[in-house]
$ cat coords-v3.txt   # compact mmCIF, C-alpha atoms and all ligand atoms
# COMPACT_ATOMS: atom_id res chain seq x y z
CA MET A 101 195.77 272.04 23.06
CA ALA A 102 192.52 273.43 21.63
CA LYS A 103 191.14 269.94 21.64
CA PHE A 104 192.06 269.56 25.26
CA ILE A 105 190.27 272.79 26.18
CA LYS A 106 187.19 271.69 24.25
CA PHE A 107 187.16 268.63 26.42
CA LEU A 108 187.96 270.48 29.60
CA ILE A 109 185.18 273.07 29.50
CA PRO A 110 182.25 270.65 29.36
CA ALA A 111 183.94 268.59 32.03
CA LEU A 112 184.16 271.62 34.29
CA ILE A 113 180.54 272.52 33.66
CA ALA A 114 179.44 268.97 34.41
CA GLY A 115 181.51 269.05 37.58
CA SER A 116 179.92 272.23 38.87
CA LEU A 117 176.44 270.96 38.07
CA ALA A 118 177.16 267.87 40.12
CA VAL A 119 178.15 270.12 43.03
CA LEU A 120 174.91 272.08 42.68
CA ALA A 121 172.86 268.91 42.65
CA ASP A 122 174.57 267.84 45.86
CA SER A 123 173.78 270.99 47.78
CA ALA A 124 170.39 269.72 48.91
CA PHE A 125 172.03 267.09 51.05
CA ALA A 126 170.50 263.67 50.83
CA LEU A 127 172.25 260.37 51.25
CA ASP A 128 170.97 257.32 49.55
CA GLY A 129 172.69 254.74 51.70
CA ASP A 130 171.92 251.07 51.97
CA ALA A 131 171.65 249.88 55.58
CA GLU A 132 172.39 246.26 54.69
CA LYS A 133 175.63 247.17 52.98
CA GLY A 134 176.29 249.51 55.88
CA GLU A 135 176.23 246.57 58.28
CA ALA A 136 179.23 245.15 56.45
CA VAL A 137 180.99 248.52 56.51
CA PHE A 138 180.36 248.73 60.26
CA LYS A 139 182.75 245.81 60.73
CA LYS A 140 185.47 248.40 60.30
CA CYS A 141 184.05 250.38 63.19
CA LYS A 142 183.45 247.39 65.48
CA SER A 143 186.96 247.24 66.84
CA CYS A 144 186.13 250.50 68.61
CA HIS A 145 182.34 251.00 68.62
CA MET A 146 179.28 249.00 69.66
CA VAL A 147 175.62 249.35 68.70
CA GLY A 148 172.55 247.39 69.72
CA ASP A 149 170.96 246.27 72.98
CA ASP A 150 173.97 245.50 75.15
CA ALA A 151 176.26 248.08 73.62
CA GLN A 152 178.96 249.48 75.87
CA ASN A 153 181.60 252.11 75.44
CA ARG A 154 184.82 250.63 74.14
CA VAL A 155 187.70 252.54 72.56
CA GLY A 156 184.95 254.76 71.16
CA PRO A 157 181.48 255.64 72.46
CA VAL A 158 178.27 253.67 71.97
CA LEU A 159 176.62 254.71 68.71
CA ASN A 160 172.97 253.98 69.58
CA ASN A 161 170.81 257.08 69.10
CA VAL A 162 173.76 259.03 67.81
CA PHE A 163 171.60 260.93 65.30
CA GLY A 164 170.11 263.98 66.89
CA ARG A 165 172.62 263.69 69.74
CA GLN A 166 174.93 266.56 70.60
CA ALA A 167 178.47 265.54 69.64
CA GLY A 168 180.64 264.35 72.49
CA THR A 169 177.88 263.65 75.00
CA PHE A 170 177.31 259.87 75.38
CA ALA A 171 177.20 259.08 79.11
CA ASP A 172 180.37 257.87 80.84
CA TYR A 173 182.55 258.06 77.78
CA LYS A 174 185.67 260.18 78.06
CA TYR A 175 185.81 262.20 74.86
CA GLY A 176 188.63 264.35 73.62
CA LYS A 177 188.30 268.05 74.30
CA SER A 178 187.82 269.10 70.67
CA ILE A 179 184.70 267.06 69.99
CA VAL A 180 183.19 268.20 73.30
CA ASP A 181 183.89 271.81 72.31
CA ALA A 182 182.30 271.25 68.91
CA GLY A 183 179.20 269.84 70.62
CA GLU A 184 179.03 272.79 72.98
CA ASP A 185 179.26 275.04 69.93
CA GLY A 186 176.09 273.40 68.67
CA LEU A 187 177.23 270.35 66.69
CA VAL A 188 174.42 267.78 66.60
CA TRP A 189 174.90 264.65 64.51
CA ASN A 190 172.94 264.46 61.29
CA ASP A 191 173.65 262.84 57.91
CA GLU A 192 175.65 265.70 56.52
CA GLU A 193 177.86 266.29 59.57
CA MET A 194 178.60 262.62 60.03
CA PHE A 195 179.36 262.16 56.35
CA GLU A 196 182.04 264.82 56.64
CA TYR A 197 183.29 263.66 60.03
CA LEU A 198 183.86 260.04 59.01
CA ALA A 199 186.07 261.02 56.08
CA ASP A 200 188.65 262.54 58.41
CA PRO A 201 187.63 263.26 62.01
CA LYS A 202 190.65 265.37 62.87
CA LYS A 203 190.44 267.51 59.77
CA TYR A 204 186.71 267.89 60.32
CA LEU A 205 187.13 269.10 63.90
CA ARG A 206 189.90 271.49 62.88
CA ALA A 207 187.60 273.06 60.30
CA LYS A 208 184.60 273.11 62.66
CA LEU A 209 186.48 274.77 65.49
CA ASP A 210 188.67 276.83 63.17
CA ASP A 211 191.60 275.57 65.23
CA LYS A 212 194.62 273.97 63.60
CA LYS A 213 195.48 272.25 66.85
CA ALA A 214 192.14 270.54 67.37
CA LYS A 215 192.50 266.80 67.93
CA SER A 216 190.37 263.72 67.50
CA LYS A 217 190.59 260.56 69.55
CA MET A 218 189.21 258.75 66.51
CA SER A 219 192.12 258.09 64.20
CA PHE A 220 190.13 256.04 61.72
CA LYS A 221 189.14 257.56 58.36
CA LEU A 222 186.47 256.23 56.05
CA LYS A 223 187.28 257.70 52.67
CA LYS A 224 184.81 256.05 50.30
CA GLU A 225 181.63 258.06 49.89
CA ASP A 226 179.37 255.07 49.27
CA GLU A 227 180.69 253.33 52.39
CA ARG A 228 180.04 256.44 54.43
CA ALA A 229 176.48 256.76 53.09
CA ASN A 230 175.81 253.06 53.75
CA VAL A 231 177.19 253.01 57.29
CA ILE A 232 175.13 256.11 58.10
CA ALA A 233 171.99 254.31 56.86
CA TYR A 234 172.92 251.34 59.06
CA LEU A 235 173.54 253.49 62.15
CA LYS A 236 170.20 255.19 61.63
CA SER A 237 168.45 251.92 62.32
CA PHE A 238 169.88 252.24 65.86
CA SER A 239 168.62 255.81 66.20
CA PRO A 240 164.85 255.34 66.37
CA GLU A 241 164.41 258.61 68.24
CA SER A 242 165.81 260.70 65.40
CA GLU A 243 163.68 261.67 62.44
CA SER A 244 164.99 258.67 60.60
CA GLU A 245 163.70 257.59 57.26
CA VAL A 246 162.85 254.14 58.56
CA PRO A 247 159.13 253.85 57.91
CA GLU A 248 156.83 253.00 60.81
CA SER A 249 155.86 249.72 59.19
CA ASN A 250 159.39 248.42 59.72
CA THR A 251 159.26 248.56 63.51
CA GLU A 252 157.55 245.20 63.82
CA GLU A 253 160.20 243.53 61.76
CA GLU A 254 162.98 245.13 63.76
CA SER A 255 161.68 244.18 67.19
CA SER A 256 161.16 240.57 66.18
CA SER A 257 164.69 240.27 64.82
CA ASN A 258 166.13 240.19 68.31
C1 LIG B 301 190.34 252.96 66.03
C2 LIG B 301 189.12 253.11 66.73
C3 LIG B 301 187.92 253.67 65.99
C4 LIG B 301 187.37 253.23 64.81
C5 LIG B 301 187.86 252.09 63.91
C6 LIG B 301 186.20 254.04 64.58
N1 LIG B 301 186.04 254.96 65.58
FE1 LIG B 301 184.54 256.32 65.76
N2 LIG B 301 185.38 257.05 67.46
C7 LIG B 301 186.52 256.53 68.06
C8 LIG B 301 186.85 257.36 69.19
C9 LIG B 301 188.04 257.13 70.12
C10 LIG B 301 185.87 258.37 69.26
C11 LIG B 301 185.83 259.54 70.25
C12 LIG B 301 186.37 260.76 69.51
C13 LIG B 301 186.87 261.88 70.38
O1 LIG B 301 186.66 261.86 71.60
O2 LIG B 301 187.50 262.79 69.81
C14 LIG B 301 184.96 258.14 68.16
C15 LIG B 301 183.85 258.94 67.87
C16 LIG B 301 182.92 258.67 66.90
C17 LIG B 301 181.70 259.42 66.67
C18 LIG B 301 181.23 260.60 67.49
C19 LIG B 301 180.26 260.08 68.55
C20 LIG B 301 179.72 261.09 69.53
O3 LIG B 301 179.12 260.62 70.51
O4 LIG B 301 179.88 262.29 69.36
C21 LIG B 301 181.06 258.83 65.63
C22 LIG B 301 179.74 259.24 65.01
C23 LIG B 301 181.88 257.73 65.19
N3 LIG B 301 183.00 257.65 65.98
C24 LIG B 301 181.55 256.86 64.16
C25 LIG B 301 182.40 255.86 63.68
C26 LIG B 301 182.07 255.01 62.55
C27 LIG B 301 180.76 255.03 61.79
C28 LIG B 301 183.15 254.20 62.35
C29 LIG B 301 183.36 253.17 61.25
C30 LIG B 301 183.21 253.67 59.90
C31 LIG B 301 184.13 254.53 63.37
N4 LIG B 301 183.63 255.53 64.15
C32 LIG B 301 185.36 253.88 63.50
C33 LIG B 301 187.25 255.45 67.65
C34 LIG B 301 187.07 254.75 66.47
$ encode --input "coords-v3.txt" --output "C-alpha cells"
Amino acid sequence: MAKFIKFLIPALIAGSLAVLADSAFALDGDAEKGEAVFKKCKSCHMVGDDAQNRVGPVLNNVFGRQAGTFADYKYGKSIVDAGEDGLVWNDEEMFEYLADPKKYLRAKLDDKKAKSKMSFKLKKEDERANVIAYLKSFSPESESEVPESNTEEESSSN
C-alpha cells in the first residue's frame, strides 16, 4: 500500500502540473492531418469555394463567427441561444464543442435540456486539434496563425 501511495503522489503532482500548463490555451494542430480528420465531418459539412449547407452548416470563416449564425441554415435553438449569449468560435470553444456538442451546450447554457442537432462526437484530442488547424485555413478573416506568406500558395492551389 505504501508503495502504491509513493507512486500515486508524484503521479497526482504531474497531473496537476499538466493541467496548469494547459491553462494558457494553445493548440498545436496539423492542418494536413486535419484534412484527413475532416473526412469524418464531410458527410454533414462542407468547406471551400462552392460550399453549401448540408446536414450541418458551411464551415468557411467559422472562426470569429458567432455560433449559430451561418446564413440560411436552420440551427437548433440551443446553439442559437449560446451565440446570442456571446459564444464566438475560437480554438478553445471549438475544441470543447467537438468532443460532445450536446454536453457542451448543456454546460454553456446551464440547461440540462439543451439539445444539439450535431450528434457526432470527436473524442480524440489530437484529432480535434488537427481538424481545427485545417478549418482555420478556411477562416482567413479570423486572426489565424497562417502566415501572410502562405496566401500565394493557397490561392494557386485552386
Ligand atoms: C452527423 C452529421 C454531422 C457530423 C458528422 C459533424 N457535424 Fe458539425 N454540425 C452538424 C449539425 C446538424 C450542426 C448544427 C448544430 C445545431 O444546430 O445544434 C453542426 C454544427 C457544427 C458547428 C457549429 C457551426 C456554427 O455555425 O455555429 C461546428 C463548428 C461543427 N459542426 C464542426 C464539425 C466538425 C469539425 C466535424 C467533424 C469533426 C463535424 N462538425 C461533424 C452535423 C454534423
$ closest_atom_pairs --input "coords-v3.txt" --of "chain A" --to "ligand LIG 301 (chain B)" --cutoff "6 Å" --atoms "all atoms listed in the file" --output "CSV"
residue,atom,partner,partner_atom,distance
A:Phe138,CA,B:LIG301,C29,5.4
A:Lys140,CA,B:LIG301,C29,5.3
A:Cys141,CA,B:LIG301,C29,3.5
A:Ser143,CA,B:LIG301,C5,5.7
A:Cys144,CA,B:LIG301,C2,4.4
A:Val155,CA,B:LIG301,C9,5.2
A:Gly156,CA,B:LIG301,C8,3.8
A:Pro157,CA,B:LIG301,O3,5.8
A:Ala167,CA,B:LIG301,O4,3.6
A:Gly168,CA,B:LIG301,O4,3.8
A:Thr169,CA,B:LIG301,O3,5.6
A:Phe170,CA,B:LIG301,O3,5.2
A:Tyr175,CA,B:LIG301,O1,3.4
A:Gly176,CA,B:LIG301,O1,3.8
A:Ile179,CA,B:LIG301,O2,5.1
A:Ser216,CA,B:LIG301,O2,3.8
A:Lys217,CA,B:LIG301,O2,3.8
A:Met218,CA,B:LIG301,C7,3.8
A:Ser219,CA,B:LIG301,C1,5.7
A:Phe220,CA,B:LIG301,C4,5.0
A:Leu222,CA,B:LIG301,C30,5.7
$ write_last_selection --input "coords-v3.txt" --atoms "C-alpha atoms" --output "compact mmCIF listing (two decimals), keeping the file's coordinate frame"
# COMPACT_ATOMS: atom_id res chain seq x y z
CA PHE A 138 180.36 248.73 60.26
CA LYS A 140 185.47 248.40 60.30
CA CYS A 141 184.05 250.38 63.19
CA SER A 143 186.96 247.24 66.84
CA CYS A 144 186.13 250.50 68.61
CA VAL A 155 187.70 252.54 72.56
CA GLY A 156 184.95 254.76 71.16
CA PRO A 157 181.48 255.64 72.46
CA ALA A 167 178.47 265.54 69.64
CA GLY A 168 180.64 264.35 72.49
CA THR A 169 177.88 263.65 75.00
CA PHE A 170 177.31 259.87 75.38
CA TYR A 175 185.81 262.20 74.86
CA GLY A 176 188.63 264.35 73.62
CA ILE A 179 184.70 267.06 69.99
CA SER A 216 190.37 263.72 67.50
CA LYS A 217 190.59 260.56 69.55
CA MET A 218 189.21 258.75 66.51
CA SER A 219 192.12 258.09 64.20
CA PHE A 220 190.13 256.04 61.72
CA LEU A 222 186.47 256.23 56.05
$ atom_distance --input "coords-v3.txt" --atom1 "atom CA of Ala131 of chain A" --atom2 "atom CA of Lys202 of chain A"
25.6 Å
$ atom_distance --input "coords-v3.txt" --atom1 "atom CA of Phe163 of chain A" --atom2 "atom CA of Lys236 of chain A"
7.0 Å
$ residues_near_point --input "coords-v3.txt" --point "(177.7, 251.0, 60.6)" --cutoff "12 Å" --atoms "all atoms listed in the file" --output "NGL selection string"
:A and (129-148 or 158-160 or 162 or 194 or 198 or 222 or 227-239)
$ atom_distance --input "coords-v3.txt" --atom1 "atom CA of Lys213 of chain A" --atom2 "atom CA of Gly183 of chain A"
16.9 Å
$ axis_aligned_box --input "coords-v3.txt" --around "segment 136-139 of chain A" --padding-each-side "6 Å" --output "JSON"
{"center_x": 181.0, "center_y": 246.9, "center_z": 58.6, "size_x": 15.5, "size_y": 15.6, "size_z": 16.3}
$ closest_residue --input "coords-v3.txt" --among "A:Asp211, A:Glu241, A:Glu196, A:Lys203" --to "Lys224 of chain A" --atoms "all atoms listed in the file"
A:Glu196
$ residues_around --input "coords-v3.txt" --residues "Lys221 of chain A" --least-positions-apart "3" --cutoff "7 Å" --atoms "all atoms listed in the file" --output "tab-separated table (two decimals) with C-alpha atoms, keeping the file's coordinate frame"
chain	number	residue	atom	x	y	z
A	198	LEU	CA	183.86	260.04	59.01
A	199	ALA	CA	186.07	261.02	56.08
A	200	ASP	CA	188.65	262.54	58.41
A	201	PRO	CA	187.63	263.26	62.01
